[in-house]
$ cat upload_35.txt   # compact mmCIF, C-alpha atoms and all ligand atoms
# COMPACT_ATOMS: atom_id res chain seq x y z
CA MET A 1 154.50 100.80 107.44
CA GLN A 2 152.23 98.64 105.35
CA ASN A 3 150.41 95.62 106.72
CA PRO A 4 152.48 92.97 104.97
CA THR A 5 150.63 89.85 106.09
CA PRO A 6 146.94 89.09 105.79
CA SER A 7 145.33 88.09 109.06
CA VAL A 8 142.70 85.56 110.03
CA PRO A 9 139.55 87.59 110.70
CA THR A 10 137.83 87.54 114.08
CA ALA A 11 134.17 86.50 114.36
CA GLU A 12 133.27 90.17 114.77
CA GLN A 13 135.17 91.17 111.64
CA ILE A 14 133.50 88.36 109.70
CA ARG A 15 130.11 89.68 110.78
CA ARG A 16 130.93 93.25 109.85
CA ALA A 17 132.51 92.34 106.51
CA PRO A 18 130.19 93.07 103.58
CA LYS A 19 128.84 89.79 102.20
CA ALA A 20 126.86 88.83 99.09
CA LEU A 21 124.48 85.87 99.15
CA LEU A 22 123.19 84.14 96.03
CA HIS A 23 121.61 80.97 97.43
CA ASP A 24 119.21 81.28 100.35
CA HIS A 25 115.70 79.78 100.55
CA LEU A 26 112.99 82.02 102.01
CA ASP A 27 111.14 78.96 103.37
CA GLY A 28 114.40 77.69 104.85
CA GLY A 29 115.23 80.80 106.86
CA LEU A 30 112.28 81.59 109.12
CA ARG A 31 112.82 82.58 112.74
CA PRO A 32 111.52 79.73 114.92
CA GLY A 33 109.53 82.22 117.00
CA THR A 34 107.77 83.44 113.86
CA ILE A 35 106.79 79.90 112.87
CA VAL A 36 105.24 79.37 116.30
CA ASP A 37 103.43 82.73 116.14
CA ILE A 38 101.97 82.24 112.69
CA ALA A 39 100.99 78.64 113.44
CA ARG A 40 99.04 79.90 116.45
CA THR A 41 97.19 82.61 114.50
CA THR A 42 96.42 80.45 111.47
CA GLY A 43 95.49 77.33 113.42
CA TYR A 44 98.30 75.08 112.13
CA THR A 45 98.61 72.31 114.70
CA GLU A 46 101.18 69.96 113.16
CA LEU A 47 104.36 71.60 114.50
CA PRO A 48 106.61 69.06 116.22
CA GLU A 49 107.48 71.61 118.96
CA THR A 50 105.86 74.86 120.07
CA ASP A 51 108.75 76.28 122.06
CA PRO A 52 110.88 78.36 119.65
CA ASP A 53 114.24 77.08 120.94
CA ARG A 54 113.15 73.47 120.81
CA LEU A 55 111.58 74.00 117.39
CA GLY A 56 114.84 75.45 116.05
CA ALA A 57 116.74 72.44 117.39
CA TRP A 58 114.16 70.08 115.89
CA PHE A 59 114.73 71.59 112.41
CA ARG A 60 118.49 71.29 112.70
CA GLU A 61 118.34 67.69 113.87
CA ALA A 62 115.65 66.58 111.41
CA ALA A 63 117.66 68.11 108.55
CA ASP A 64 120.80 66.37 109.70
CA SER A 65 119.86 62.98 108.26
CA GLY A 66 122.44 62.56 105.50
CA SER A 67 119.71 62.43 102.85
CA LEU A 68 118.40 65.30 100.70
CA GLU A 69 114.92 63.74 100.58
CA ARG A 70 114.62 63.66 104.40
CA TYR A 71 116.13 67.16 104.64
CA LEU A 72 113.40 68.43 102.32
CA GLU A 73 110.58 66.89 104.40
CA THR A 74 111.13 69.58 107.05
CA PHE A 75 109.90 72.26 104.63
CA ALA A 76 106.33 71.00 105.03
CA HIS A 77 106.17 72.94 108.31
CA THR A 78 107.67 76.18 107.08
CA CYS A 79 105.53 76.20 103.93
CA ALA A 80 102.47 75.47 106.08
CA VAL A 81 102.88 78.79 107.89
CA MET A 82 103.60 80.75 104.67
CA GLN A 83 100.13 80.63 103.10
CA THR A 84 98.68 84.07 103.80
CA ARG A 85 99.67 87.48 102.56
CA ASP A 86 100.47 88.70 106.08
CA ALA A 87 102.66 85.68 106.80
CA LEU A 88 104.60 86.05 103.54
CA VAL A 89 105.17 89.78 104.09
CA ARG A 90 106.38 89.13 107.63
CA VAL A 91 108.69 86.24 106.74
CA ALA A 92 110.24 88.15 103.82
CA ALA A 93 110.72 91.31 105.89
CA GLU A 94 112.40 89.39 108.70
CA CYS A 95 114.59 87.60 106.19
CA ALA A 96 115.92 90.90 104.81
CA GLU A 97 116.36 92.25 108.33
CA ASP A 98 118.24 89.18 109.58
CA LEU A 99 120.55 89.10 106.58
CA ALA A 100 121.32 92.81 106.91
CA ALA A 101 122.10 92.44 110.61
CA ASP A 102 124.57 89.73 109.63
CA GLY A 103 126.40 92.08 107.26
CA VAL A 104 124.87 90.85 104.00
CA VAL A 105 124.68 93.80 101.58
CA TYR A 106 123.25 91.94 98.60
CA ALA A 107 121.05 88.85 98.60
CA GLU A 108 119.08 86.81 96.09
CA VAL A 109 116.48 84.89 98.07
CA ARG A 110 114.49 82.10 96.44
CA TYR A 111 111.17 80.40 97.09
CA ALA A 112 108.63 78.37 95.12
CA PRO A 113 105.41 80.38 94.62
CA GLU A 114 103.51 77.17 93.81
CA GLN A 115 104.00 76.04 97.43
CA HIS A 116 102.10 79.01 98.85
CA LEU A 117 98.68 78.63 97.24
CA GLU A 118 96.93 76.44 99.84
CA ALA A 119 94.88 79.22 101.41
CA GLY A 120 93.73 80.64 98.09
CA LEU A 121 96.43 83.16 97.15
CA THR A 122 97.22 83.42 93.44
CA LEU A 123 100.80 83.10 92.16
CA GLU A 124 100.84 86.85 91.56
CA GLU A 125 99.62 87.61 95.08
CA VAL A 126 102.39 85.42 96.49
CA VAL A 127 105.09 87.24 94.53
CA GLU A 128 103.70 90.65 95.44
CA ALA A 129 103.50 89.78 99.14
CA VAL A 130 107.11 88.57 99.23
CA ASN A 131 108.29 91.64 97.33
CA GLU A 132 106.42 93.87 99.76
CA GLY A 133 108.11 92.06 102.65
CA PHE A 134 111.58 92.47 101.17
CA ARG A 135 110.98 96.21 100.70
CA GLN A 136 109.77 96.54 104.31
CA GLY A 137 112.77 94.57 105.54
CA GLU A 138 115.21 96.72 103.55
CA GLN A 139 113.62 99.81 105.10
CA ARG A 140 113.77 98.41 108.64
CA ALA A 141 117.42 97.48 108.05
CA ARG A 142 118.10 101.09 106.95
CA ASP A 143 116.39 102.35 110.11
CA ASN A 144 118.84 100.19 112.08
CA GLY A 145 121.88 101.48 110.23
CA HIS A 146 122.32 98.53 107.83
CA ARG A 147 122.29 98.53 104.06
CA ILE A 148 120.93 95.60 102.09
CA ARG A 149 119.43 95.02 98.70
CA VAL A 150 117.33 91.87 98.22
CA GLY A 151 116.15 90.36 94.93
CA ALA A 152 113.85 87.36 94.56
CA LEU A 153 114.47 84.20 92.57
CA LEU A 154 111.35 82.23 91.70
CA THR A 155 111.85 78.49 92.10
CA ALA A 156 109.88 75.76 90.36
CA MET A 157 109.77 72.36 92.07
CA ARG A 158 111.52 69.78 89.91
CA HIS A 159 109.09 66.94 90.71
CA ALA A 160 106.10 69.10 89.71
CA ALA A 161 104.98 70.28 86.29
CA ARG A 162 104.60 74.03 86.70
CA SER A 163 108.05 75.20 85.69
CA LYS A 164 106.98 76.95 82.47
CA GLU A 165 104.28 78.83 84.32
CA ILE A 166 106.72 79.88 87.06
CA ALA A 167 109.28 80.92 84.44
CA GLU A 168 106.62 83.14 82.86
CA LEU A 169 105.85 84.56 86.28
CA ALA A 170 109.53 85.34 86.85
CA ASN A 171 109.64 87.08 83.50
CA ARG A 172 106.53 89.12 84.22
CA TYR A 173 108.00 90.43 87.48
CA ARG A 174 111.55 90.93 86.25
CA ASP A 175 111.32 94.70 86.58
CA SER A 176 109.62 94.50 89.94
CA GLY A 177 111.76 92.65 92.39
CA VAL A 178 112.31 89.27 90.72
CA VAL A 179 115.82 88.82 89.34
CA GLY A 180 115.74 85.24 88.08
CA PHE A 181 114.53 81.65 88.17
CA ASP A 182 115.62 78.33 89.71
CA ILE A 183 114.55 74.72 90.05
CA ALA A 184 114.85 72.86 93.37
CA GLY A 185 113.64 69.76 95.18
CA ALA A 186 114.79 66.14 95.11
CA GLU A 187 117.47 65.75 92.45
CA ALA A 188 117.70 61.98 91.86
CA GLY A 189 115.01 60.93 89.38
CA TYR A 190 114.15 64.50 88.39
CA PRO A 191 116.73 65.64 85.86
CA PRO A 192 116.69 69.31 84.87
CA THR A 193 115.90 68.36 81.26
CA ARG A 194 112.30 67.67 82.39
CA HIS A 195 111.99 71.47 82.43
CA LEU A 196 113.59 72.35 79.11
CA ASP A 197 110.59 74.34 77.93
CA ALA A 198 110.92 76.66 80.93
CA PHE A 199 114.65 77.20 80.34
CA ASP A 200 114.21 77.65 76.58
CA TYR A 201 111.53 80.23 77.24
CA LEU A 202 113.76 82.19 79.65
CA LYS A 203 116.65 82.15 77.20
CA ARG A 204 114.41 83.54 74.46
CA GLU A 205 113.47 86.28 76.90
CA ASN A 206 117.14 87.01 77.73
CA ASN A 207 116.38 86.21 81.35
CA HIS A 208 118.58 84.52 83.98
CA PHE A 209 118.37 81.22 85.83
CA THR A 210 120.27 78.97 88.14
CA ILE A 211 119.66 75.23 88.65
CA HIS A 212 120.18 73.09 91.76
CA ALA A 213 122.56 70.49 90.33
CA GLY A 214 125.41 68.29 91.49
CA GLU A 215 124.23 68.15 95.10
CA ALA A 216 122.58 64.75 95.65
CA PHE A 217 123.38 63.57 92.15
CA GLY A 218 126.62 63.77 90.24
CA LEU A 219 128.15 64.91 86.99
CA PRO A 220 125.27 64.03 84.61
CA SER A 221 123.07 66.48 86.48
CA ILE A 222 125.66 69.28 86.19
CA TRP A 223 126.25 68.45 82.54
CA GLN A 224 122.54 68.60 81.75
CA ALA A 225 122.07 71.82 83.69
CA LEU A 226 124.82 73.52 81.69
CA GLN A 227 124.81 71.91 78.27
CA TRP A 228 121.12 71.11 77.79
CA CYS A 229 119.44 73.72 79.92
CA GLY A 230 121.95 76.59 79.68
CA ALA A 231 122.07 77.48 83.38
CA ASP A 232 123.86 80.73 84.24
CA ARG A 233 124.90 79.35 87.64
CA LEU A 234 124.88 76.05 89.51
CA GLY A 235 123.10 75.64 92.84
CA HIS A 236 125.71 73.71 94.86
CA GLY A 237 127.59 72.01 92.01
CA VAL A 238 129.85 70.32 94.61
CA ARG A 239 129.93 67.06 92.66
CA ILE A 240 132.05 68.76 90.00
CA ILE A 241 134.81 67.40 92.22
CA ASP A 242 134.08 63.96 90.66
CA ASP A 243 135.59 65.28 87.43
CA ILE A 244 138.83 66.40 89.06
CA GLU A 245 141.64 63.91 89.56
CA GLN A 246 144.39 64.39 92.15
CA LYS A 247 147.45 62.17 91.94
CA ASP A 248 150.89 62.75 93.47
CA GLY A 249 150.19 66.44 93.98
CA GLU A 250 149.10 66.81 90.34
CA VAL A 251 145.57 67.95 89.60
CA SER A 252 143.86 67.27 86.30
CA LEU A 253 140.44 68.45 85.20
CA GLY A 254 138.05 66.42 83.09
CA ARG A 255 136.23 68.10 80.21
CA LEU A 256 133.23 69.16 82.27
CA ALA A 257 135.26 70.54 85.19
CA ALA A 258 137.49 72.39 82.72
CA TYR A 259 134.42 73.85 81.04
CA VAL A 260 133.00 75.02 84.37
CA ARG A 261 136.26 76.71 85.29
CA ASP A 262 137.05 78.11 81.83
CA LYS A 263 133.58 79.59 81.43
CA ARG A 264 133.68 81.00 84.98
CA VAL A 265 130.40 79.20 85.82
CA PRO A 266 129.45 80.40 89.31
CA LEU A 267 129.14 77.65 91.92
CA GLU A 268 126.72 78.49 94.72
CA MET A 269 128.35 76.44 97.46
CA CYS A 270 126.57 75.84 100.78
CA PRO A 271 129.01 73.99 103.07
CA THR A 272 126.83 73.27 106.12
CA SER A 273 123.86 72.16 104.03
CA ASN A 274 126.17 69.77 102.17
CA LEU A 275 127.36 68.21 105.43
CA GLN A 276 123.75 67.65 106.46
CA THR A 277 122.66 66.00 103.22
CA GLY A 278 125.81 63.90 102.94
CA ALA A 279 127.34 65.73 99.94
CA ALA A 280 130.54 66.34 102.00
CA GLU A 281 132.07 64.75 105.09
CA SER A 282 133.51 67.73 106.96
CA TYR A 283 134.33 71.39 106.40
CA ARG A 284 137.98 70.52 105.88
CA GLU A 285 137.11 67.93 103.25
CA HIS A 286 134.52 70.11 101.57
CA PRO A 287 135.40 70.56 97.87
CA ILE A 288 135.28 74.33 98.30
CA GLY A 289 138.91 74.23 99.54
CA LEU A 290 140.25 72.65 96.36
CA LEU A 291 137.91 74.54 94.03
CA ARG A 292 139.00 77.85 95.53
CA ARG A 293 142.66 76.91 95.09
CA LEU A 294 141.97 76.00 91.47
CA HIS A 295 140.24 79.35 90.95
CA PHE A 296 136.80 78.11 90.08
CA ARG A 297 134.18 80.89 90.37
CA VAL A 298 133.20 79.78 93.88
CA THR A 299 130.71 81.60 96.11
CA VAL A 300 129.73 80.97 99.74
CA ASN A 301 126.06 80.63 100.68
CA THR A 302 123.68 79.63 103.47
CA ASP A 303 121.03 77.54 101.62
CA ASN A 304 118.67 77.19 104.62
CA ARG A 305 119.57 79.19 107.70
CA LEU A 306 116.89 77.53 109.82
CA MET A 307 117.59 73.89 108.90
CA SER A 308 121.34 74.42 109.03
CA GLY A 309 121.31 76.69 112.07
CA THR A 310 123.56 79.02 110.12
CA THR A 311 124.20 82.52 108.83
CA MET A 312 126.60 83.88 106.22
CA SER A 313 128.98 84.76 109.04
CA ARG A 314 128.86 81.22 110.42
CA GLU A 315 129.54 79.72 106.99
CA PHE A 316 132.58 81.96 106.62
CA GLY A 317 133.59 81.21 110.21
CA HIS A 318 133.67 77.48 109.45
CA LEU A 319 135.73 78.07 106.31
CA VAL A 320 138.16 80.38 108.09
CA GLU A 321 138.66 77.69 110.70
CA ALA A 322 139.03 74.86 108.19
CA PHE A 323 141.20 76.61 105.60
CA GLY A 324 142.75 79.59 107.39
CA TYR A 325 141.03 82.01 105.04
CA THR A 326 141.82 85.69 105.44
CA LEU A 327 139.84 88.86 104.78
CA ASP A 328 141.37 88.81 101.30
CA ASP A 329 139.87 85.37 100.71
CA MET A 330 136.51 86.57 102.04
CA GLN A 331 136.65 89.51 99.70
CA TRP A 332 137.47 87.19 96.80
CA PHE A 333 134.42 85.00 97.52
CA THR A 334 132.25 88.08 97.93
CA VAL A 335 133.40 89.72 94.72
CA ASN A 336 132.85 86.38 92.95
CA ALA A 337 129.27 86.34 94.22
CA MET A 338 128.64 89.93 93.23
CA LYS A 339 130.06 89.36 89.74
CA SER A 340 127.66 86.42 89.41
CA ALA A 341 124.52 88.20 90.63
CA PHE A 342 121.55 88.56 88.30
CA ILE A 343 121.17 92.34 88.60
CA PRO A 344 122.52 94.59 85.82
CA PHE A 345 126.27 94.90 85.30
CA ASP A 346 126.54 98.56 86.28
CA GLU A 347 124.81 97.87 89.58
CA ARG A 348 127.03 94.87 90.30
CA LEU A 349 130.09 96.95 89.57
CA ALA A 350 128.95 99.78 91.82
CA MET A 351 128.28 97.30 94.61
CA ILE A 352 131.79 95.87 94.23
CA ASN A 353 133.61 99.18 93.93
CA GLU A 354 131.56 101.39 96.23
CA VAL A 355 130.46 98.95 98.94
CA ILE A 356 132.42 95.69 99.03
CA LYS A 357 135.98 96.80 98.35
CA PRO A 358 135.82 99.85 100.65
CA GLY A 359 134.26 97.66 103.37
CA TYR A 360 137.13 95.19 103.26
CA ALA A 361 139.72 97.96 102.97
CA GLU A 362 138.40 99.44 106.19
CA LEU A 363 138.51 96.12 108.02
CA LYS A 364 141.97 95.38 106.72
CA ALA A 365 143.23 98.71 108.06
CA GLU A 366 141.94 98.11 111.58
CA TRP A 367 145.23 96.72 112.85
CA LEU A 368 146.69 100.20 112.40
CA PHE A 369 144.44 101.58 115.12
CA ALA A 370 144.43 98.63 117.50
CA PRO A 371 146.14 98.89 120.90
CA GLY A 372 149.82 98.22 120.24
CA ALA A 373 149.41 99.47 116.66
CA GLY A 374 152.34 98.85 114.40
CA THR A 375 152.45 95.14 115.16
CA PRO A 376 151.14 93.46 112.07
CA PRO A 377 148.76 90.57 112.66
CA VAL A 378 149.89 86.96 112.44
CA ALA A 379 150.28 85.59 108.93
CA SER A 380 148.06 82.69 108.01
CA GLY A 381 146.14 81.13 105.16
CA SER A 382 146.22 81.94 101.51
CA ALA A 383 146.19 85.38 99.95
CA ALA A 384 143.65 86.35 97.36
CA SER A 385 144.64 86.59 93.74
CA GLY A 386 143.10 86.30 90.31
CA SER A 387 139.37 86.28 89.66
O1 LIG A 401 119.50 72.18 99.09
C1 LIG A 401 118.42 72.04 98.51
N1 LIG A 401 118.34 71.24 97.41
C2 LIG A 401 117.20 71.07 96.71
N2 LIG A 401 116.06 71.67 97.05
C3 LIG A 401 116.06 72.46 98.14
C4 LIG A 401 117.22 72.69 98.89
N3 LIG A 401 116.90 73.51 99.90
C5 LIG A 401 115.60 73.79 99.77
N4 LIG A 401 115.08 73.16 98.70
C6 LIG A 401 113.67 73.17 98.24
O2 LIG A 401 113.41 74.42 97.64
C7 LIG A 401 112.07 74.79 97.95
C8 LIG A 401 111.84 76.24 97.66
O3 LIG A 401 112.60 77.10 98.43
C9 LIG A 401 111.95 74.34 99.39
O4 LIG A 401 110.61 74.22 99.79
C10 LIG A 401 112.68 73.01 99.37
O5 LIG A 401 111.78 71.98 99.02
ZN ZN A 402 119.18 75.20 97.82
$ encode --input "upload_35.txt" --output "C-alpha cells"
Amino acid sequence: MQNPTPSVPTAEQIRRAPKALLHDHLDGGLRPGTIVDIARTTGYTELPETDPDRLGAWFREAADSGSLERYLETFAHTCAVMQTRDALVRVAAECAEDLAADGVVYAEVRYAPEQHLEAGLTLEEVVEAVNEGFRQGEQRARDNGHRIRVGALLTAMRHAARSKEIAELANRYRDSGVVGFDIAGAEAGYPPTRHLDAFDYLKRENNHFTIHAGEAFGLPSIWQALQWCGADRLGHGVRIIDDIEQKDGEVSLGRLAAYVRDKRVPLEMCPTSNLQTGAAESYREHPIGLLRRLHFRVTVNTDNRLMSGTTMSREFGHLVEAFGYTLDDMQWFTVNAMKSAFIPFDERLAMINEVIKPGYAELKAEWLFAPGAGTPPVASGSAASGS
C-alpha cells in the first residue's frame, strides 16, 4: 500500500532531513563558548557576559529589539573576536561542523572581510583563513558521518565605501571557495544603488550576487536591488508582501511582485530574524506562508544562529508548527534553495537528485517500518507541487 497522505515531520525527522542554506552570517553564528575562549586569549574585555550560557542569552535578548539597527550593534562583539587567522579558521570550521550536525548538506555562508582587519590581516588573509576553516569543518563533519559543502559569500557593508574592492576580491577567489557577493548592514538611508559600480563590475565578470533588500525598508529597496543593481537573489525580500493585495479571498500582485514571481527571483527568507527586527509579527503571520502558497521561489534560512538562537531545523520547526508543513513542503523549500545556489548547474542538479531527493524519499518511507506499520500517518498541511 502506498502512503497516501503526507505527514507532519517530527523534530528528529526535520533534523535528519537534508537542508540547503543560502543566508547565514559567519559573524552571526559563533558558539558562545568560542567567543568567551577567543576573548580570553586575545585580551578582548568588552563582552557583556563571560559565562557562555548567559552570553548566548544576552545576544538573543539584545537582538530582540524590534529594530535592525539595534540588532546589528551586537555584531561588534562577534567581529571583535574574529580578527586573527586562528580565530577565523576556528569560527569557520565550527560553523561548517554545526551546520552539518543539523543536517545541512549545502550552505553559502557570508561575512564582510572588511570587518576583520583590525589586528593587521589583509583582505586576502581573511578570505584564506575562512576558506581554510570551512575545509577543516567539512572534513571534521565527514569524520563524524555528516556530509556538507560550504561556499563563502563576501559581503560589503552598505554604509561603507569598499564594495568595489570586495567585489573584486570575490571575483579573484571565485575558483577557490568564494561563490558570490552580497551587501548587508543598515538598510534605511543606504540604498543598494550606492554600490552600482560593484554590481556592474560583477555582471561584466559573469559573477553572482545577492542583496539584503526589503527587510527594514520596503518596495523601493527591492525594486532597486533587482532593476538597477541586477541582483540574482534577495536577502529577505519579505516586504514584497506590500505589493500583494488580498481582498475577499482574491489575491492580486502588483508589477514588482509579479516580476519577482515570474522571474523566479529567489527570496532568502529568515523568519526568526524578521520577528526580532520587527519585519513580521509572528510565525503564523510571516509572509512566507502566503508567498509559498503563491509559488514564489521561497527559501528558508537562519540569518544569524547566535542572535536568533536558531538552527535550520528550528526555523523549519517553527514553520511546520505555524503552517502544518509536511516533508514534501520541506523538500520543496530545499529544492528551491538548491536551484538558487551560486555553484554550477551540474553540481546543483547532482545535489538535488543524488542527495536531497533520496534523503526525503527515505524519510517519507519511514512509516512503512514503524511499529504498527501499515497505518499511514495523519494527514495535515499542504502538499508540495510545482516549482
Ligand atoms: O539581517 C541582516 N540585515 C542586514 N545586515 C545584517 C543582517 N544580519 C547581519 N548583518 C550584517 O552583516 C555583516 C556581515 O556578516 C554583519 O556584521 C552584520 O552587520
Ligand atoms: Zn542577513
$ atom_distance --input "upload_35.txt" --atom1 "CA of Val179 (chain A)" --atom2 "CA of Glu347 (chain A)"
12.8 Å
$ closest_residue --input "upload_35.txt" --among "A:Asp182, A:Asp243, A:Asp248, A:Glu125" --to "Gly218 (chain A)" --atoms "all atoms listed in the file"
A:Asp243
$ atom_distance --input "upload_35.txt" --atom1 "CA of Leu290 (chain A)" --atom2 "atom O1 of ligand LIG 401 (chain A)"
20.9 Å
$ atom_distance --input "upload_35.txt" --atom1 "CA of Tyr325 (chain A)" --atom2 "CA of Pro271 (chain A)"
14.6 Å
$ residues_around --input "upload_35.txt" --residues "His23 (chain A)" --least-positions-apart "4" --cutoff "9 Å" --atoms "only C-alpha atoms" --output "compact mmCIF listing (two decimals) with C-alpha atoms, in the frame of the given file"
# COMPACT_ATOMS: atom_id res chain seq x y z
CA ALA A 107 121.05 88.85 98.60
CA GLU A 108 119.08 86.81 96.09
CA VAL A 109 116.48 84.89 98.07
CA ARG A 110 114.49 82.10 96.44
CA GLY A 235 123.10 75.64 92.84
CA HIS A 236 125.71 73.71 94.86
CA GLU A 268 126.72 78.49 94.72
CA MET A 269 128.35 76.44 97.46
CA CYS A 270 126.57 75.84 100.78
CA VAL A 300 129.73 80.97 99.74
CA ASN A 301 126.06 80.63 100.68
CA THR A 302 123.68 79.63 103.47
CA ASP A 303 121.03 77.54 101.62
CA ASN A 304 118.67 77.19 104.62
$ closest_atom_pairs --input "upload_35.txt" --of "region 191-268 of chain A" --to "region 69-85 of chain A" --cutoff "12 Å" --atoms "only C-alpha atoms" --output "CSV"
residue,atom,partner,partner_atom,distance
A:Glu215,CA,A:Glu69,CA,11.7
A:Ala216,CA,A:Glu69,CA,9.2
A:Phe217,CA,A:Glu69,CA,11.9
$ decode --input "upload_35.txt" --residues "region 79-92 of chain A" --atoms "C-alpha atoms" --output "mmCIF file, in the first residue's frame"
data_model
loop_
_atom_site.group_PDB
_atom_site.id
_atom_site.type_symbol
_atom_site.label_atom_id
_atom_site.label_comp_id
_atom_site.auth_asym_id
_atom_site.auth_seq_id
_atom_site.Cartn_x
_atom_site.Cartn_y
_atom_site.Cartn_z
ATOM 1 C CA CYS A 79 33.610 40.767 14.979
ATOM 2 C CA ALA A 80 35.911 41.749 17.857
ATOM 3 C CA VAL A 81 36.866 38.103 18.403
ATOM 4 C CA MET A 82 37.269 37.376 14.666
ATOM 5 C CA GLN A 83 40.435 39.382 13.995
ATOM 6 C CA THR A 84 43.185 36.763 13.882
ATOM 7 C CA ARG A 85 43.851 33.959 11.466
ATOM 8 C CA ASP A 86 43.429 31.314 14.170
ATOM 9 C CA ALA A 87 40.106 32.766 15.305
ATOM 10 C CA LEU A 88 38.741 32.928 11.750
ATOM 11 C CA VAL A 89 39.802 29.356 10.974
ATOM 12 C CA ARG A 90 38.205 28.124 14.191
ATOM 13 C CA VAL A 91 34.932 30.018 13.768
ATOM 14 C CA ALA A 92 34.558 28.905 10.145
#
